[in-house]
$ cat query_22.txt   # compact mmCIF, C-alpha atoms
# COMPACT_ATOMS: atom_id res chain seq x y z
CA MET A 96 -116.73 -165.53 -23.15
CA LYS A 97 -113.36 -166.45 -21.73
CA VAL A 98 -111.04 -167.96 -24.33
CA ALA A 99 -107.70 -169.23 -23.10
CA ILE A 100 -104.80 -169.75 -25.49
CA ILE A 101 -102.38 -172.24 -23.99
CA ASP A 102 -99.02 -170.51 -23.66
CA TYR A 103 -96.08 -172.86 -23.89
CA GLY A 104 -93.76 -170.92 -26.16
CA ALA A 105 -95.33 -171.88 -29.49
CA GLY A 106 -94.73 -169.44 -32.34
CA ASN A 107 -97.02 -166.86 -33.89
CA ILE A 108 -99.73 -166.56 -31.26
CA LYS A 109 -100.24 -162.94 -32.26
CA SER A 110 -102.09 -163.82 -35.46
CA LEU A 111 -104.44 -166.06 -33.51
CA GLN A 112 -105.14 -163.30 -31.00
CA PHE A 113 -105.78 -160.83 -33.82
CA ALA A 114 -108.11 -163.31 -35.54
CA LEU A 115 -110.11 -163.67 -32.30
CA GLU A 116 -110.16 -159.89 -31.90
CA ARG A 117 -111.74 -159.60 -35.33
CA LEU A 118 -114.52 -161.80 -33.90
CA GLY A 119 -114.83 -159.54 -30.86
CA ILE A 120 -113.03 -161.89 -28.46
CA THR A 121 -109.92 -161.22 -26.42
CA GLY A 122 -108.03 -164.48 -26.17
CA TYR A 123 -105.78 -164.51 -23.15
CA LEU A 124 -102.48 -166.33 -23.14
CA SER A 125 -102.02 -168.55 -20.13
CA SER A 126 -99.88 -171.36 -18.82
CA ASP A 127 -101.66 -171.39 -15.47
CA PRO A 128 -103.66 -174.64 -15.05
CA GLU A 129 -106.38 -172.99 -12.98
CA GLN A 130 -106.88 -170.15 -15.44
CA ILE A 131 -107.00 -172.56 -18.36
CA SER A 132 -109.46 -174.86 -16.57
CA ASN A 133 -111.78 -171.94 -15.88
CA ALA A 134 -111.98 -170.76 -19.49
CA ASP A 135 -115.11 -171.34 -21.57
CA LYS A 136 -113.03 -172.35 -24.57
CA VAL A 137 -109.42 -173.39 -24.84
CA ILE A 138 -107.21 -173.06 -27.92
CA PHE A 139 -104.09 -175.18 -28.11
CA PRO A 140 -101.89 -173.61 -30.78
CA GLY A 141 -98.78 -175.16 -32.16
CA GLN A 142 -95.83 -174.37 -34.30
CA GLY A 143 -92.31 -175.63 -34.19
CA ALA A 144 -91.06 -179.05 -33.18
CA ALA A 145 -93.06 -181.75 -31.34
CA LYS A 146 -90.26 -182.72 -29.00
CA SER A 147 -89.61 -179.26 -27.60
CA ALA A 148 -93.36 -178.57 -27.50
CA MET A 149 -94.05 -181.65 -25.33
CA ALA A 150 -91.10 -180.77 -23.11
CA MET A 151 -92.48 -177.26 -22.63
CA LEU A 152 -95.95 -178.61 -21.79
CA LYS A 153 -94.46 -180.94 -19.17
CA VAL A 154 -92.63 -178.14 -17.40
CA LYS A 155 -95.99 -176.68 -16.34
CA GLY A 156 -97.86 -179.96 -16.00
CA LEU A 157 -100.00 -179.00 -19.00
CA ASP A 158 -99.50 -182.44 -20.54
CA LEU A 159 -101.61 -183.81 -17.67
CA LEU A 160 -104.08 -180.94 -17.62
CA ILE A 161 -105.07 -180.82 -21.30
CA PRO A 162 -106.54 -184.38 -21.51
CA GLN A 163 -108.66 -183.57 -18.42
CA LEU A 164 -110.26 -180.43 -19.87
CA GLN A 165 -114.05 -180.56 -20.13
CA GLN A 166 -114.78 -177.46 -22.19
CA PRO A 167 -114.36 -177.32 -26.00
CA VAL A 168 -110.64 -177.44 -26.92
CA LEU A 169 -109.27 -176.59 -30.36
CA GLY A 170 -105.80 -177.82 -31.31
CA ILE A 171 -104.25 -176.03 -34.26
CA CYS A 172 -101.51 -177.53 -36.50
CA LEU A 173 -98.97 -179.10 -34.12
CA GLY A 174 -101.62 -178.61 -31.43
CA MET A 175 -103.86 -181.03 -33.34
CA GLN A 176 -101.06 -183.52 -33.89
CA LEU A 177 -100.21 -183.54 -30.20
CA LEU A 178 -103.78 -184.63 -29.36
CA CYS A 179 -102.76 -188.02 -30.81
CA ASP A 180 -100.84 -190.84 -29.11
CA TYR A 181 -97.52 -190.53 -30.77
CA THR A 182 -95.62 -188.60 -33.42
CA GLU A 183 -92.73 -189.69 -35.59
CA GLU A 184 -91.40 -186.15 -35.29
CA GLY A 185 -88.64 -186.62 -32.76
CA ASP A 186 -90.10 -190.04 -31.79
CA VAL A 187 -92.33 -188.41 -29.18
CA LYS A 188 -95.20 -189.70 -27.05
CA ALA A 189 -97.97 -187.10 -27.30
CA LEU A 190 -101.08 -186.40 -25.22
CA GLY A 191 -102.96 -189.59 -26.12
CA ILE A 192 -106.44 -188.06 -26.35
CA ILE A 193 -107.07 -189.44 -29.84
CA PRO A 194 -105.65 -192.87 -30.69
CA GLY A 195 -103.44 -192.45 -33.72
CA LYS A 196 -99.89 -191.97 -34.89
CA VAL A 197 -98.58 -188.87 -36.63
CA ARG A 198 -96.38 -189.65 -39.63
CA ARG A 199 -93.96 -187.77 -41.87
CA PHE A 200 -94.86 -187.08 -45.48
CA PRO A 201 -92.71 -189.26 -47.75
CA ASN A 202 -90.13 -187.65 -50.01
CA GLN A 203 -92.18 -188.29 -53.15
CA VAL A 204 -93.72 -184.92 -52.32
CA LYS A 205 -92.08 -181.72 -51.17
CA VAL A 206 -91.81 -181.50 -47.42
CA PRO A 207 -93.18 -179.36 -45.81
CA GLN A 208 -96.50 -179.06 -47.57
CA MET A 209 -96.83 -175.31 -47.73
CA GLY A 210 -99.78 -173.34 -49.04
CA TRP A 211 -103.50 -173.55 -49.67
CA ASN A 212 -105.16 -176.92 -50.07
CA THR A 213 -108.81 -177.94 -50.28
CA ILE A 214 -110.64 -179.72 -47.49
CA SER A 215 -113.49 -182.16 -48.06
CA GLU A 216 -115.79 -184.65 -46.30
CA THR A 217 -116.30 -182.08 -43.60
CA GLN A 218 -118.40 -183.18 -40.64
CA THR A 219 -119.72 -181.63 -37.40
CA THR A 220 -120.92 -178.08 -36.86
CA ILE A 221 -117.38 -176.77 -36.67
CA PHE A 222 -117.60 -176.62 -40.50
CA HIS A 223 -120.99 -174.89 -40.50
CA ASP A 224 -121.30 -172.40 -43.40
CA ILE A 225 -117.95 -173.47 -44.88
CA LYS A 226 -118.50 -174.62 -48.45
CA PRO A 227 -117.26 -178.02 -49.66
CA ASN A 228 -113.72 -178.00 -51.06
CA GLU A 229 -112.90 -174.73 -49.38
CA PHE A 230 -109.23 -173.68 -49.32
CA MET A 231 -107.31 -173.56 -46.06
CA TYR A 232 -103.69 -172.56 -45.40
CA LEU A 233 -101.41 -175.37 -44.29
CA VAL A 234 -97.77 -175.71 -43.45
CA HIS A 235 -96.62 -179.04 -42.05
CA SER A 236 -94.19 -181.89 -42.57
CA TYR A 237 -96.09 -184.47 -40.52
CA PHE A 238 -99.68 -185.62 -40.95
CA VAL A 239 -102.38 -187.60 -39.16
CA PRO A 240 -103.69 -190.55 -41.24
CA ILE A 241 -107.42 -191.09 -41.65
CA LEU A 242 -108.91 -192.19 -38.31
CA PRO A 243 -112.41 -192.87 -36.96
CA GLU A 244 -112.12 -189.37 -35.41
CA THR A 245 -111.41 -187.71 -38.78
CA ILE A 246 -113.93 -184.94 -39.53
CA ALA A 247 -112.30 -183.46 -42.64
CA VAL A 248 -109.93 -184.78 -45.27
CA SER A 249 -107.27 -183.19 -47.43
CA THR A 250 -104.91 -184.82 -49.90
CA TYR A 251 -101.16 -184.48 -50.17
CA HIS A 252 -99.47 -187.56 -51.53
CA ARG A 253 -102.54 -189.36 -50.11
CA PRO A 254 -105.71 -188.48 -48.19
CA TYR A 255 -105.06 -187.55 -44.57
CA SER A 256 -106.89 -186.04 -41.59
CA VAL A 257 -107.12 -182.28 -41.84
CA ALA A 258 -109.46 -182.13 -38.84
CA LEU A 259 -110.24 -184.40 -35.90
CA ASN A 260 -112.91 -184.55 -33.22
CA LYS A 261 -113.33 -186.66 -30.12
CA ASP A 262 -115.77 -185.59 -27.43
CA ASN A 263 -114.93 -181.96 -26.54
CA PHE A 264 -111.59 -182.07 -28.38
CA TYR A 265 -111.25 -180.65 -31.88
CA GLY A 266 -108.13 -180.36 -33.98
CA VAL A 267 -107.41 -178.69 -37.31
CA GLN A 268 -104.21 -179.17 -39.26
CA PHE A 269 -104.69 -175.90 -41.15
CA HIS A 270 -104.26 -172.44 -39.65
CA PRO A 271 -107.74 -170.90 -39.37
CA GLU A 272 -106.18 -167.59 -38.31
CA LYS A 273 -104.39 -167.49 -41.68
CA SER A 274 -107.10 -168.96 -43.88
CA SER A 275 -109.01 -165.82 -44.80
CA LYS A 276 -112.81 -165.79 -44.47
CA ALA A 277 -113.23 -169.56 -44.26
CA GLY A 278 -110.73 -169.76 -41.42
CA GLN A 279 -112.53 -167.00 -39.60
CA GLN A 280 -115.79 -168.90 -40.00
CA LEU A 281 -114.22 -171.98 -38.45
CA LEU A 282 -113.05 -170.00 -35.44
CA GLN A 283 -116.52 -168.50 -35.10
CA ASN A 284 -118.06 -171.98 -35.26
CA PHE A 285 -115.71 -173.18 -32.54
CA LEU A 286 -116.65 -170.22 -30.36
CA ASN A 287 -120.32 -171.02 -31.00
CA ILE A 288 -120.09 -174.59 -29.70
CA GLY A 289 -122.51 -175.10 -26.82
CA LYS A 290 -124.30 -171.81 -27.44
CA MET B 195 -105.05 -180.32 -54.18
CA LEU B 196 -102.25 -178.06 -53.02
CA THR B 197 -102.39 -174.90 -55.10
CA LYS B 198 -99.68 -172.80 -56.71
CA ARG B 199 -99.16 -169.56 -54.82
CA ILE B 200 -99.12 -165.98 -56.14
CA ILE B 201 -97.06 -163.71 -53.91
CA PRO B 202 -96.85 -159.92 -54.25
CA CYS B 203 -93.66 -158.49 -52.75
CA LEU B 204 -93.67 -155.09 -51.07
CA ASP B 205 -90.41 -153.20 -50.67
CA ILE B 206 -90.37 -151.26 -47.43
CA LYS B 207 -88.21 -148.31 -46.47
CA ASP B 208 -88.58 -146.65 -43.07
CA GLY B 209 -91.99 -148.26 -42.67
CA ARG B 210 -93.35 -147.15 -46.03
CA THR B 211 -93.65 -148.91 -49.39
CA VAL B 212 -91.23 -147.55 -51.94
CA LYS B 213 -92.34 -148.74 -55.34
CA GLY B 214 -95.17 -146.91 -56.99
CA ILE B 215 -98.53 -148.50 -57.06
CA ASN B 216 -101.62 -148.18 -59.10
CA PHE B 217 -104.45 -149.38 -56.93
CA ILE B 218 -107.83 -147.81 -57.02
CA ASN B 219 -109.42 -146.82 -53.72
CA LEU B 220 -106.17 -146.56 -51.81
CA ARG B 221 -106.15 -143.55 -49.56
CA ASP B 222 -102.43 -143.80 -48.95
CA ALA B 223 -100.37 -145.58 -51.57
CA GLY B 224 -97.30 -145.61 -49.35
CA ASP B 225 -98.99 -147.43 -46.49
CA PRO B 226 -97.90 -151.07 -46.53
CA VAL B 227 -100.76 -152.08 -44.26
CA GLU B 228 -103.36 -150.75 -46.65
CA MET B 229 -101.63 -152.38 -49.61
CA ALA B 230 -101.50 -155.66 -47.72
CA ARG B 231 -105.20 -155.49 -47.00
CA GLN B 232 -105.96 -154.80 -50.64
CA TYR B 233 -103.84 -157.71 -51.84
CA ALA B 234 -105.47 -160.02 -49.30
CA ASP B 235 -108.89 -158.95 -50.61
CA GLN B 236 -107.73 -159.76 -54.16
CA ASN B 237 -106.94 -163.34 -53.09
CA ALA B 238 -103.16 -163.07 -53.07
CA ASP B 239 -101.98 -166.30 -51.45
CA GLU B 240 -99.21 -164.80 -49.35
CA LEU B 241 -97.30 -161.56 -49.05
CA VAL B 242 -93.61 -160.79 -48.71
CA PHE B 243 -92.34 -157.61 -47.06
CA LEU B 244 -88.74 -156.79 -47.85
CA ASP B 245 -87.20 -154.07 -45.71
CA ILE B 246 -84.57 -152.17 -47.66
CA SER B 247 -83.96 -149.35 -45.18
CA ALA B 248 -80.56 -149.03 -43.60
CA THR B 249 -81.28 -146.82 -40.62
CA GLU B 250 -80.56 -147.68 -37.03
CA GLN B 251 -84.26 -147.45 -36.31
CA LYS B 252 -84.91 -150.19 -38.83
CA ARG B 253 -85.40 -153.08 -36.44
CA LYS B 254 -88.01 -151.32 -34.35
CA THR B 255 -89.82 -149.83 -37.35
CA LEU B 256 -90.02 -153.23 -38.98
CA ALA B 257 -91.26 -154.92 -35.80
CA ASP B 258 -93.98 -152.27 -35.47
CA LEU B 259 -94.99 -152.74 -39.08
CA VAL B 260 -95.24 -156.52 -38.66
CA LEU B 261 -97.60 -156.05 -35.75
CA LYS B 262 -99.83 -153.74 -37.80
CA VAL B 263 -99.87 -156.09 -40.78
CA ALA B 264 -100.70 -159.08 -38.59
CA ALA B 265 -103.62 -157.14 -37.12
CA ALA B 266 -104.90 -156.20 -40.57
CA ILE B 267 -104.72 -159.37 -42.69
CA ASP B 268 -105.67 -163.02 -42.36
CA ILE B 269 -103.34 -164.55 -44.92
CA PRO B 270 -99.72 -165.58 -44.31
CA PHE B 271 -96.85 -163.16 -44.75
CA THR B 272 -93.08 -163.32 -44.78
CA VAL B 273 -90.70 -160.61 -43.64
CA GLY B 274 -87.15 -160.18 -44.86
CA GLY B 275 -84.33 -157.69 -45.18
CA GLY B 276 -81.27 -157.58 -42.99
CA ILE B 277 -82.33 -160.35 -40.60
CA SER B 278 -79.10 -161.58 -39.07
CA SER B 279 -79.74 -163.26 -35.72
CA VAL B 280 -82.01 -165.59 -33.78
CA THR B 281 -83.15 -162.54 -31.80
CA ASP B 282 -84.21 -160.72 -34.99
CA VAL B 283 -86.25 -163.74 -36.00
CA ALA B 284 -87.82 -164.13 -32.55
CA ILE B 285 -89.01 -160.49 -32.49
CA LEU B 286 -90.61 -160.66 -35.94
CA LEU B 287 -92.35 -163.99 -35.30
CA LYS B 288 -93.55 -162.81 -31.92
CA ASN B 289 -95.10 -159.76 -33.56
CA GLY B 290 -97.07 -161.91 -35.98
CA ALA B 291 -94.91 -162.68 -39.01
CA ASP B 292 -95.55 -166.21 -40.27
CA LYS B 293 -92.15 -166.64 -41.86
CA VAL B 294 -88.87 -164.79 -42.06
CA SER B 295 -86.65 -164.63 -45.10
CA ILE B 296 -82.91 -164.69 -44.47
CA ASN B 297 -80.35 -164.04 -47.18
CA SER B 298 -76.76 -162.83 -46.71
CA ALA B 299 -76.61 -163.57 -42.98
CA ALA B 300 -77.39 -167.23 -43.62
CA PHE B 301 -74.62 -167.41 -46.19
CA LYS B 302 -72.09 -165.81 -43.87
CA ASN B 303 -73.19 -167.93 -40.93
CA PRO B 304 -74.95 -171.09 -42.18
CA GLU B 305 -75.33 -172.36 -38.61
CA LEU B 306 -77.95 -169.62 -38.20
CA ILE B 307 -80.28 -171.74 -40.37
CA ASN B 308 -79.93 -174.73 -38.04
CA GLU B 309 -80.44 -172.60 -34.96
CA CYS B 310 -83.55 -170.92 -36.34
CA ALA B 311 -85.04 -174.18 -37.63
CA GLN B 312 -84.51 -175.87 -34.27
CA GLN B 313 -85.91 -173.01 -32.28
CA PHE B 314 -88.84 -171.93 -34.46
CA GLY B 315 -89.41 -174.85 -36.84
CA SER B 316 -88.42 -175.18 -40.50
CA GLN B 317 -91.85 -174.03 -41.62
CA CYS B 318 -91.09 -170.39 -40.84
CA ILE B 319 -87.53 -170.20 -42.20
CA VAL B 320 -87.30 -169.06 -45.82
CA ILE B 321 -83.83 -168.77 -47.31
CA ALA B 322 -83.60 -166.16 -50.05
CA ILE B 323 -80.94 -166.77 -52.68
CA ASP B 324 -79.93 -164.24 -55.34
CA ALA B 325 -77.91 -165.70 -58.18
CA LYS B 326 -76.76 -164.99 -61.72
CA VAL B 327 -74.92 -166.89 -64.40
CA ILE B 328 -71.18 -166.28 -64.56
CA LYS B 329 -69.22 -168.20 -67.21
CA GLY B 330 -72.04 -170.67 -67.58
CA GLN B 331 -72.44 -171.32 -63.84
CA TRP B 332 -75.14 -170.06 -61.49
CA LYS B 333 -73.28 -168.22 -58.72
CA VAL B 334 -74.76 -167.00 -55.44
CA HIS B 335 -74.61 -163.22 -54.87
CA LEU B 336 -74.93 -161.36 -51.59
CA VAL B 337 -76.11 -158.02 -50.21
CA GLY B 338 -78.93 -157.49 -52.66
CA GLY B 339 -76.87 -158.99 -55.48
CA LYS B 340 -73.98 -156.58 -55.11
CA ILE B 341 -71.32 -159.05 -53.97
CA PRO B 342 -70.55 -162.13 -56.10
CA THR B 343 -69.41 -165.37 -54.48
CA GLU B 344 -67.79 -168.50 -55.88
CA VAL B 345 -70.56 -170.69 -54.51
CA ASP B 346 -72.80 -172.62 -56.89
CA LEU B 347 -76.54 -171.96 -56.55
CA PHE B 348 -77.49 -175.64 -56.46
CA ASP B 349 -74.85 -176.57 -53.89
CA TRP B 350 -76.01 -173.76 -51.62
CA ALA B 351 -79.69 -174.64 -52.11
CA LYS B 352 -79.01 -178.25 -51.08
CA GLU B 353 -77.07 -177.09 -48.06
CA VAL B 354 -79.80 -174.74 -46.80
CA ALA B 355 -82.41 -177.50 -47.16
CA GLU B 356 -80.22 -179.92 -45.21
CA ARG B 357 -79.72 -177.34 -42.51
CA GLY B 358 -83.46 -177.02 -42.03
CA ALA B 359 -84.77 -174.27 -44.31
CA GLY B 360 -88.48 -174.76 -45.03
CA GLU B 361 -88.54 -172.97 -48.35
CA ILE B 362 -86.25 -171.27 -50.88
CA LEU B 363 -86.96 -167.90 -52.48
CA PHE B 364 -84.80 -167.89 -55.59
CA THR B 365 -84.28 -164.62 -57.46
CA SER B 366 -82.54 -164.75 -60.79
CA MET B 367 -80.62 -161.50 -61.16
CA ASP B 368 -80.35 -162.20 -64.89
CA HIS B 369 -84.13 -162.18 -65.20
CA ASP B 370 -85.10 -159.62 -62.55
CA GLY B 371 -86.52 -156.47 -64.12
CA THR B 372 -86.47 -157.86 -67.68
CA LYS B 373 -90.17 -158.82 -67.75
CA GLU B 374 -89.20 -161.67 -70.07
CA GLY B 375 -90.11 -164.56 -67.81
CA PHE B 376 -88.69 -166.49 -64.86
CA ALA B 377 -85.46 -168.55 -64.83
CA ASN B 378 -87.38 -171.75 -65.42
CA LYS B 379 -84.50 -174.07 -66.25
CA ALA B 380 -82.70 -173.25 -63.02
CA LEU B 381 -85.98 -173.37 -61.10
CA ALA B 382 -86.84 -176.81 -62.44
CA ARG B 383 -83.38 -178.07 -61.50
CA LEU B 384 -83.80 -176.65 -58.00
CA SER B 385 -87.10 -178.50 -57.61
CA GLU B 386 -85.47 -181.73 -58.77
CA GLU B 387 -82.47 -181.46 -56.47
CA VAL B 388 -84.08 -179.98 -53.36
CA ASN B 389 -87.19 -181.37 -51.66
CA ILE B 390 -88.58 -178.15 -50.17
CA PRO B 391 -90.91 -175.62 -51.85
CA ILE B 392 -89.33 -173.15 -54.29
CA ILE B 393 -90.60 -169.60 -54.85
CA ALA B 394 -89.72 -168.17 -58.27
CA SER B 395 -88.70 -164.53 -58.35
CA GLY B 396 -87.43 -162.23 -61.05
CA GLY B 397 -88.69 -161.75 -64.60
CA ALA B 398 -92.47 -161.71 -64.41
CA GLY B 399 -93.92 -159.54 -67.16
CA GLU B 400 -97.05 -161.23 -68.39
CA ILE B 401 -99.51 -163.93 -67.42
CA SER B 402 -97.91 -166.58 -69.60
CA HIS B 403 -94.73 -166.27 -67.56
CA PHE B 404 -96.58 -167.53 -64.52
CA VAL B 405 -98.00 -170.45 -66.49
CA ASP B 406 -94.47 -171.29 -67.66
CA THR B 407 -92.86 -171.15 -64.23
CA PHE B 408 -95.53 -173.39 -62.70
CA THR B 409 -95.26 -175.93 -65.52
CA HIS B 410 -91.74 -175.86 -67.03
CA GLY B 411 -90.15 -174.27 -63.97
CA LYS B 412 -91.94 -176.62 -61.53
CA SER B 413 -92.18 -173.68 -59.12
CA ASP B 414 -94.43 -173.96 -56.10
CA ALA B 415 -95.02 -170.22 -55.90
CA ALA B 416 -94.26 -167.12 -57.94
CA LEU B 417 -93.34 -163.72 -56.58
CA ALA B 418 -93.54 -160.36 -58.32
CA ALA B 419 -93.59 -156.71 -57.33
CA SER B 420 -93.97 -153.90 -59.84
CA ILE B 421 -96.28 -155.66 -62.28
CA PHE B 422 -98.77 -156.05 -59.45
CA HIS B 423 -98.14 -152.66 -57.87
CA PHE B 424 -98.50 -150.80 -61.14
CA GLY B 425 -101.61 -152.74 -62.04
CA GLU B 426 -100.07 -154.27 -65.19
CA ILE B 427 -101.39 -157.62 -64.06
CA SER B 428 -104.35 -157.87 -61.73
CA ILE B 429 -104.21 -160.80 -59.35
CA PRO B 430 -107.85 -161.90 -59.82
CA GLU B 431 -107.40 -161.96 -63.59
CA LEU B 432 -104.05 -163.73 -63.34
CA LYS B 433 -105.53 -166.41 -61.12
CA GLN B 434 -108.56 -166.89 -63.39
CA GLN B 435 -106.33 -167.40 -66.39
CA LEU B 436 -104.03 -169.79 -64.56
CA LYS B 437 -107.05 -171.81 -63.54
CA GLN B 438 -108.23 -171.91 -67.14
CA GLN B 439 -104.82 -173.41 -67.98
CA HIS B 440 -105.70 -176.25 -65.56
CA LEU B 441 -103.26 -175.21 -62.90
CA ALA B 442 -104.23 -175.74 -59.26
CA ILE B 443 -105.12 -172.22 -58.15
CA ARG B 444 -107.06 -170.83 -55.22
CA ILE B 445 -109.78 -168.51 -56.46
$ encode --input "query_22.txt" --output "structure tokens"
Amino acid sequence: MKVAIIDYGAGNIKSLQFALERLGITGYLSSDPEQISNADKVIFPGQGAAKSAMAMLKVKGLDLLIPQLQQPVLGICLGMQLLCDYTEEGDVKALGIIPGKVRRFPNQVKVPQMGWNTISETQTTIFHDIKPNEFMYLVHSYFVPILPETIAVSTYHRPYSVALNKDNFYGVQFHPEKSSKAGQQLLQNFLNIGK
Amino acid sequence: MLTKRIIPCLDIKDGRTVKGINFINLRDAGDPVEMARQYADQNADELVFLDISATEQKRKTLADLVLKVAAAIDIPFTVGGGISSVTDVAILLKNGADKVSINSAAFKNPELINECAQQFGSQCIVIAIDAKVIKGQWKVHLVGGKIPTEVDLFDWAKEVAERGAGEILFTSMDHDGTKEGFANKALARLSEEVNIPIIASGGAGEISHFVDTFTHGKSDAALAASIFHFGEISIPELKQQLKQQHLAIRI
């Protein structure tokens, strides 16, 4: 199986590649539209700031490519947030695949949320064999509110979307590559889509 | 619910762990990768690697180690010790570190915090602060606590948060090594005055100290080294007991 990891300068890709390797998959980093389009699965990682991330995507025309992809796509962390219309982080228009606005956590809680939180109300087979209220590792200052596309919920200050799905697009706010066995299971489930 | 984090800290010199350890089933007690794997299996929430070597080879050795650790474990880890430039940070993150911890270099050149936060995101920039009480005031110390400064701990903590740090690792030099508990009053004040997560370090000796720092100290995470390495406190037992005290803990 060919798994492309979209390369646009996002941080810590190595851990994701190692996590895939543990599942017997070599994920290849690519910013080449043709190579990405030809992959069986595409992972859209994300770390860092939304504004610079969108700017980097535009340099290679990836902002136009990603919404056109037909195979299963998994956005991780900022990669999930950028699937939405808009983010308050840097006042940035995002990819617009999932209607919704990304908001900043209010200062009643510490920002960023950093650490392990439980996920609940999990839906779709991407959570197959992951027990209810499993812990996942999160680090983020911005969140996606609950939407019709929400397929898992976590709570920090209030309930928010910790996973999204629309058509072939999936997004997880947590880092599966850093979330121990449960995170590994999620990656395996994503790789299993369509099998 | 977001859980309180338990973080073992491994001191590294020339690519090897330096403090003694008391694990069973370790083939090589000096191998940081094997220790990391063991801690991950015990449900440690994160790991910190602190490089204390001073050789010229240090940068490369540390980068190699980060790559090996990233290949071996699937929980987050932070790397610190002598990080002094954006390039240092870039190399370590590229090799798989989730966060870097910067101490003296950030104090000497606070703009480094802004630069790193802008380039890599606040989430991966931990600022480590060592401090002790001098004439009733918490004063920041540098270079592993050897050099005192006139700067107030709370002023510096606020500044690093404003400059874009994602987390503060606060070590009380007055408590470090005493095994009499964490500096909970100062920790609680940090949590009140600064709106980023605070890791408590220095003073852990028994399980009740962790309960105290999460409740009275309002700490988001607690770090310890020798008590874990020497097996004085086992992480699974610690976490069970914290959970029994109704703290939010990942088991």
$ residues_around --input "query_22.txt" --residues "stretch 235-250 of chain B" --least-positions-apart "5" --cutoff "8 Å" --atoms "all atoms listed in the file" --output "list of chain:residue names"
A:Gly210, A:Trp211, B:Arg199, B:Ile200, B:Ile201, B:Pro202, B:Cys203, B:Leu204, B:Asp205, B:Ile206, B:Lys207, B:Asp208, B:Ala230, B:Leu256, B:Ile269, B:Pro270, B:Phe271, B:Thr272, B:Val273, B:Gly274, B:Gly275, B:Gly276, B:Ile429, B:Pro430, B:Arg444, B:Ile445
$ interface_residues --input "query_22.txt" --of "chain B" --to "chain A" --cutoff "10 Å" --atoms "all atoms listed in the file" --output "VMD selection string"
chain B and resid 195 to 199 234 to 235 237 239 to 240 261 263 to 271 284 286 to 293 311 to 318 359 to 361 385 388 to 392 414 to 415 442 to 445
$ atom_distance --input "query_22.txt" --atom1 "atom CA of A:Leu177" --atom2 "atom CA of A:Gly141"
8.7 Å
$ closest_residue --input "query_22.txt" --among "B:Cys310, B:Lys262, B:Ala416, B:Phe408" --to "B:Asp282" --atoms "all atoms listed in the file"
B:Cys310
$ closest_residue --input "query_22.txt" --among "A:Phe285, A:Leu173, A:Glu244, A:Ile225" --to "A:Asp262" --atoms "all atoms listed in the file"
A:Glu244
$ closest_residue --input "query_22.txt" --among "A:Phe139, A:Tyr103, A:Phe222, A:Phe269" --to "A:Met151" --atoms "all atoms listed in the file"
A:Tyr103
$ atom_distance --input "query_22.txt" --atom1 "atom CA of A:Ser125" --atom2 "atom CA of A:Gln166"
15.7 Å
$ residues_near_point --input "query_22.txt" --point "(-108.8, -180.6, -17.2)" --cutoff "12 Å" --atoms "all atoms listed in the file" --output "VMD selection string"
chain A and resid 127 to 134 136 to 137 156 to 168 263 to 264
$ closest_residue --input "query_22.txt" --among "B:Gly224, B:Gly209, B:Gly397, B:Gly411" --to "B:Ala380" --atoms "all atoms listed in the file"
B:Gly411
$ closest_residue --input "query_22.txt" --among "A:Leu286, A:Leu242, A:Ala277, A:Cys172" --to "A:Lys226" --atoms "all atoms listed in the file"
A:Ala277
$ residues_around --input "query_22.txt" --residues "B:Glu426" --least-positions-apart "5" --cutoff "9 Å" --atoms "all atoms listed in the file" --output "MDAnalysis selection string"
chainID B and resid 216 399:400 420:421
$ write_last_selection --input "query_22.txt" --atoms "C-alpha atoms" --output "mmCIF file, keeping the file's coordinate frame"
data_model
loop_
_atom_site.group_PDB
_atom_site.id
_atom_site.type_symbol
_atom_site.label_atom_id
_atom_site.label_comp_id
_atom_site.auth_asym_id
_atom_site.auth_seq_id
_atom_site.Cartn_x
_atom_site.Cartn_y
_atom_site.Cartn_z
ATOM 1 C CA ASN B 216 -101.620 -148.180 -59.100
ATOM 2 C CA GLY B 399 -93.920 -159.540 -67.160
ATOM 3 C CA GLU B 400 -97.050 -161.230 -68.390
ATOM 4 C CA SER B 420 -93.970 -153.900 -59.840
ATOM 5 C CA ILE B 421 -96.280 -155.660 -62.280
#
$ closest_residue --input "query_22.txt" --among "A:Ile171, A:Leu259, A:Asp135, A:Met149" --to "A:Pro194" --atoms "all atoms listed in the file"
A:Leu259
$ residues_around --input "query_22.txt" --residues "A:Thr217" --least-positions-apart "4" --cutoff "8 Å" --atoms "only C-alpha atoms" --output "PyMOL selection string"
chain A and resi 222+227+246-248
$ write_last_selection --input "query_22.txt" --atoms "C-alpha atoms" --output "compact mmCIF listing (two decimals), in the frame of the given file"
# COMPACT_ATOMS: atom_id res chain seq x y z
CA PHE A 222 -117.60 -176.62 -40.50
CA PRO A 227 -117.26 -178.02 -49.66
CA ILE A 246 -113.93 -184.94 -39.53
CA ALA A 247 -112.30 -183.46 -42.64
CA VAL A 248 -109.93 -184.78 -45.27
$ atom_distance --input "query_22.txt" --atom1 "atom CA of A:Ile192" --atom2 "atom CA of A:Pro243"
13.1 Å
